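Each remark here refers to the structure printed beneath this line.
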Amino acid sequence: MKKSIQELEAIRNKTIDHINLRSGKGGYRVVVGMATCGIAAGARPVMMRLMEEVQKNSLVDVTIAQTGCIGACRLEPIIEVYSPDGSKVTYIKMDEEKAIKVVADHLINGKIVNEYTATTIDGKVVDPEMQ
Amino acid sequence: MRELSLHINDIVQNSIDADATIIKIFVKEDIEKDNLVIKVEDNGKGIPKEKLDVITDPFETSRTTRRVGLGLSLLEAATQRCEGSLIIKSIRNVKTEVVATFRYNHIDRAPLGNMIDTILSIILSLKENSDLIYEHHYNNKMFTFDTREIKSIIGNQVSINQIEIMNWIKEYIEEGFSNLMEV
């Protein structure tokens with residue numbers, strides 16, 4: 001095995017330093033819908049791409065998690081981006097390319113990518129065509 | 001689902017929803033015996049007896065968003081397509097296991113697919129204080145991975161979900177798999 005435990009320990013120590021550097025403000029939390037519907041629609045590569053992009057850009061404050069069915073299977077893969085203030089943006093019909101753009105625009109620059117967002121009516125996610 | 005690894009993602013989500021603290025994935029590829037076994041075992045709340053008989057019925061589900069659940073039905077169909085079977089046993093709050101068997105060389109058997117992404121995405125979805133054990137047999141060789149071991153090294157201050165840690169895990173598993181498959 002080339003991957004050594006020492007290496008993991010070094011990464012841990014570096015990560016602790018990173019955590020100490022953070023000023024206490026929480027970062028974005030990205031949640032990917034990964035129930036049967038999401039997985040079948042291609043949620044996993046989207047999630048893996050998000051992880052790669054977050055790492056590539058050293059976004060230490062961003063966490064990525066997954067959840068079950070968000071409730072609008074026909075619009076999967078769906079991801080939700082929670083801001084530190086608790087507000088939520090829902091992106092629908094995601095793919096790897098869109099994930100790259102969401103990381104670059106939303107997570108890095110705080111600019112919501114409007115063309116990928118869902119339309120909600122009475123708290124329910126509906127097709128974007130239905131305005 | 002195009003890959004069996006995606007089915008595993010799906011089935012493990014059931015374990016997570018059942019509040020399991022230990023989830024074990026077991027994969028055995030025995031090419032000589034023309035046999036592939038995938039087993040997911042957990043210590044979650046389990047499945048009541050009356051539900052077990054109808055569990056692969058698409059109109060049986062514990063989800064609340066709607067009354068259709070396809071996960072286990074799709075996996076059962078994937079096994080039956082290649083002369084395999086799906087067996088589910090459950091002792092409530094003790095042990096629940098889903099065992100899928102396949103004829104390894106059957107033309108209709110879906111490829112195992114990207115198990116690395118399966119393991120990584122499962123780690124990301126684990127609740128705090130729950131762990132994943134992965135065991136993969138390939139003919140006579142074996143690869144294992146246990147999040148409890150990782151956690152004992154990284155300690156309490158760092159979460160296993162940290163991207164840097166996940167990256168190490170990814171490389172570790174990649175290396176494990178390449179050792180497993182080499183002749």
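We label chains A, B, ... in the order they appear in the structure tokens, count residues from 1 in each chain, and number ligands from 1 in the order shown.
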
What residues in stretch 118-147 of chain B get the DSSP label alpha helix (DSSP H)? Please answer as number ranges by chain.
-> B: 118-125, 147

Those same residues - N, CA, C and O atoms - I'd like them written as a CSV table (one decimal), in the first residue's frame.
```csv
chain,number,residue,atom,x,y,z
B,118,THR,N,-19.4,5.0,-5.4
B,118,THR,CA,-20.5,4.5,-4.5
B,118,THR,C,-20.0,4.6,-3.0
B,118,THR,O,-20.7,5.2,-2.2
B,119,ILE,N,-18.8,4.2,-2.7
B,119,ILE,CA,-18.3,4.2,-1.4
B,119,ILE,C,-18.2,5.7,-0.9
B,119,ILE,O,-18.6,6.0,0.2
B,120,LEU,N,-17.6,6.5,-1.8
B,120,LEU,CA,-17.4,7.9,-1.4
B,120,LEU,C,-18.8,8.6,-1.1
B,120,LEU,O,-18.9,9.4,-0.1
B,121,SER,N,-19.7,8.4,-2.0
B,121,SER,CA,-21.0,9.1,-1.8
B,121,SER,C,-21.7,8.6,-0.6
B,121,SER,O,-22.4,9.3,0.0
B,122,ILE,N,-21.5,7.3,-0.3
B,122,ILE,CA,-22.2,6.8,0.9
B,122,ILE,C,-21.5,7.4,2.2
B,122,ILE,O,-22.2,7.8,3.1
B,123,ILE,N,-20.2,7.6,2.2
B,123,ILE,CA,-19.5,8.2,3.3
B,123,ILE,C,-20.1,9.6,3.5
B,123,ILE,O,-20.4,10.0,4.7
B,124,LEU,N,-20.3,10.3,2.4
B,124,LEU,CA,-20.8,11.7,2.5
B,124,LEU,C,-22.2,11.7,3.1
B,124,LEU,O,-22.7,12.7,3.7
B,125,SER,N,-23.0,10.6,2.9
B,125,SER,CA,-24.4,10.6,3.4
B,125,SER,C,-24.5,10.0,4.7
B,125,SER,O,-25.6,10.0,5.3
B,147,THR,N,-14.7,2.8,7.9
B,147,THR,CA,-14.6,4.2,8.3
B,147,THR,C,-14.2,4.3,9.8
B,147,THR,O,-13.7,5.4,10.1
```

Residues near stretch 17-23 of chain B, cut-off 7 Å, only C-alpha atoms, skip fewer than 6 positions along chain, as a VMD selection string | chain B and resid 41 to 46 129 to 133

Output the selection as a PDB file, in the first residue's frame - C-alpha atoms for each residue.
```
ATOM      1  CA  GLU B  41     -26.173  -5.570   5.998  1.00  0.00           C
ATOM      2  CA  ASP B  42     -27.151  -3.076   8.678  1.00  0.00           C
ATOM      3  CA  ASN B  43     -28.215  -2.807  12.296  1.00  0.00           C
ATOM      4  CA  GLY B  44     -31.056  -0.395  11.641  1.00  0.00           C
ATOM      5  CA  LYS B  45     -34.629  -0.600  12.796  1.00  0.00           C
ATOM      6  CA  GLY B  46     -35.409  -3.357  10.320  1.00  0.00           C
ATOM      7  CA  ASN B 129     -21.756   8.207  14.591  1.00  0.00           C
ATOM      8  CA  SER B 130     -22.534   5.753  11.843  1.00  0.00           C
ATOM      9  CA  ASP B 131     -19.956   3.761   9.988  1.00  0.00           C
ATOM     10  CA  LEU B 132     -19.409   1.901   6.762  1.00  0.00           C
ATOM     11  CA  ILE B 133     -17.534  -1.344   6.384  1.00  0.00           C
TER      12      ILE B 133
END
```

Could you check how far atom CA of B:Glu83 sits from atom CA of B:Glu3, in Å to one decimal?
-> 17.1 Å

Could you pull out the residues in stretch 88-121 of chain A that DSSP calls strand (DSSP E) from the backbone, as JSON, numbers by chain?
-> {"A": [88, 89, 90, 91, 119, 120, 121]}

Can you pull out every residue within 9 Å of B:Phe177, counting only C-alpha atoms, but drop anything in the same chain fewer than 5 positions away, and send it as a count of residues only?
-> 5

Would you mind listing, for every residue of chain B within 7 Å of chain A, the two atoms forming the shortest contact and the distance between them in Å to one decimal, using only C-alpha atoms, sorted by chain and ascending residue number, as CSV?
```
residue,atom,partner,partner_atom,distance
B:Met1,CA,A:Ala40,CA,5.6
B:Leu6,CA,A:Ile39,CA,6.7
B:Asp10,CA,A:Thr36,CA,5.7
B:Thr65,CA,A:Gly71,CA,5.8
B:Leu70,CA,A:Thr36,CA,6.9
B:Gly71,CA,A:Thr36,CA,5.7
B:Leu124,CA,A:Ala65,CA,5.5
B:Ser125,CA,A:Gln66,CA,5.1
B:Ile153,CA,A:Glu9,CA,6.7
B:Ile154,CA,A:Arg12,CA,5.6
B:Gln157,CA,A:Ile16,CA,6.8
B:Val158,CA,A:Ile16,CA,6.5
B:Ile163,CA,A:Gln55,CA,6.2
B:Glu164,CA,A:Ile11,CA,6.8
B:Ile165,CA,A:Ile11,CA,6.9
B:Trp168,CA,A:Leu8,CA,6.9
B:Tyr172,CA,A:Lys3,CA,5.7
```

Since we have the selection now, will you write its residues out, keeping N, CA and C atoms, as an mmCIF file, in the first residue's frame?
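out.cif, written as the output of this step:
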```cif
data_model
loop_
_atom_site.group_PDB
_atom_site.id
_atom_site.type_symbol
_atom_site.label_atom_id
_atom_site.label_comp_id
_atom_site.auth_asym_id
_atom_site.auth_seq_id
_atom_site.Cartn_x
_atom_site.Cartn_y
_atom_site.Cartn_z
ATOM 1 N N MET B 1 -31.344 1.270 -13.626
ATOM 2 C CA MET B 1 -29.990 1.645 -13.233
ATOM 3 C C MET B 1 -28.983 0.952 -14.141
ATOM 4 N N LEU B 6 -24.842 1.547 -8.598
ATOM 5 C CA LEU B 6 -25.906 2.524 -8.329
ATOM 6 C C LEU B 6 -27.016 1.905 -7.487
ATOM 7 N N ASP B 10 -28.442 3.016 -3.747
ATOM 8 C CA ASP B 10 -29.867 3.128 -3.487
ATOM 9 C C ASP B 10 -30.277 2.314 -2.256
ATOM 10 N N THR B 65 -43.068 10.861 0.545
ATOM 11 C CA THR B 65 -43.294 11.834 -0.516
ATOM 12 C C THR B 65 -44.317 11.325 -1.538
ATOM 13 N N LEU B 70 -39.284 2.180 -5.691
ATOM 14 C CA LEU B 70 -38.786 1.301 -6.747
ATOM 15 C C LEU B 70 -37.451 0.633 -6.432
ATOM 16 N N GLY B 71 -36.777 1.087 -5.378
ATOM 17 C CA GLY B 71 -35.408 0.636 -5.136
ATOM 18 C C GLY B 71 -35.238 -0.869 -5.162
ATOM 19 N N LEU B 124 -20.294 10.305 2.420
ATOM 20 C CA LEU B 124 -20.820 11.665 2.535
ATOM 21 C C LEU B 124 -22.238 11.680 3.101
ATOM 22 N N SER B 125 -22.958 10.595 2.917
ATOM 23 C CA SER B 125 -24.351 10.609 3.350
ATOM 24 C C SER B 125 -24.550 9.990 4.727
ATOM 25 N N ILE B 153 -7.928 7.401 13.284
ATOM 26 C CA ILE B 153 -6.690 8.111 12.950
ATOM 27 C C ILE B 153 -6.903 9.623 12.933
ATOM 28 N N ILE B 154 -8.007 10.061 12.345
ATOM 29 C CA ILE B 154 -8.185 11.514 12.200
ATOM 30 C C ILE B 154 -8.696 12.175 13.480
ATOM 31 N N GLN B 157 -11.415 16.122 15.947
ATOM 32 C CA GLN B 157 -11.442 17.515 15.495
ATOM 33 C C GLN B 157 -11.762 17.653 14.011
ATOM 34 N N VAL B 158 -11.496 16.587 13.275
ATOM 35 C CA VAL B 158 -11.686 16.634 11.829
ATOM 36 C C VAL B 158 -12.792 15.660 11.451
ATOM 37 N N ILE B 163 -13.124 17.515 2.625
ATOM 38 C CA ILE B 163 -12.726 17.173 1.262
ATOM 39 C C ILE B 163 -11.322 16.559 1.218
ATOM 40 N N GLU B 164 -10.405 17.104 2.024
ATOM 41 C CA GLU B 164 -9.027 16.585 1.998
ATOM 42 C C GLU B 164 -8.992 15.118 2.432
ATOM 43 N N ILE B 165 -9.773 14.799 3.458
ATOM 44 C CA ILE B 165 -9.824 13.419 3.946
ATOM 45 C C ILE B 165 -10.480 12.525 2.894
ATOM 46 N N TRP B 168 -8.079 11.582 0.247
ATOM 47 C CA TRP B 168 -7.157 10.514 0.655
ATOM 48 C C TRP B 168 -7.869 9.166 0.552
ATOM 49 N N TYR B 172 -6.910 5.922 -1.619
ATOM 50 C CA TYR B 172 -6.698 4.663 -0.909
ATOM 51 C C TYR B 172 -7.531 3.547 -1.544
#
```

Please measure the separation of atom CA of A:Tyr116 and atom CA of A:Lys101, giving the value in Å to one decimal.
->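 Rounded to one decimal, the two atoms are 9.8 Å apart.
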
Quick one: of A:Asp17, A:Thr117, A:Lys98, A:Tyr28, who's nearest to A:Gly86, counting only C-alpha atoms?
->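 Answer, going by the shortest atom-to-atom distance: A:Tyr28.
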
List the neighbours of stretch 76-81 of chain B out to 7 Å using only C-alpha atoms; skip same-chain residues closer than 5 positions along the sequence, and give me the result as a PyMOL selection string.
-> chain B and resi 86+100-102+108
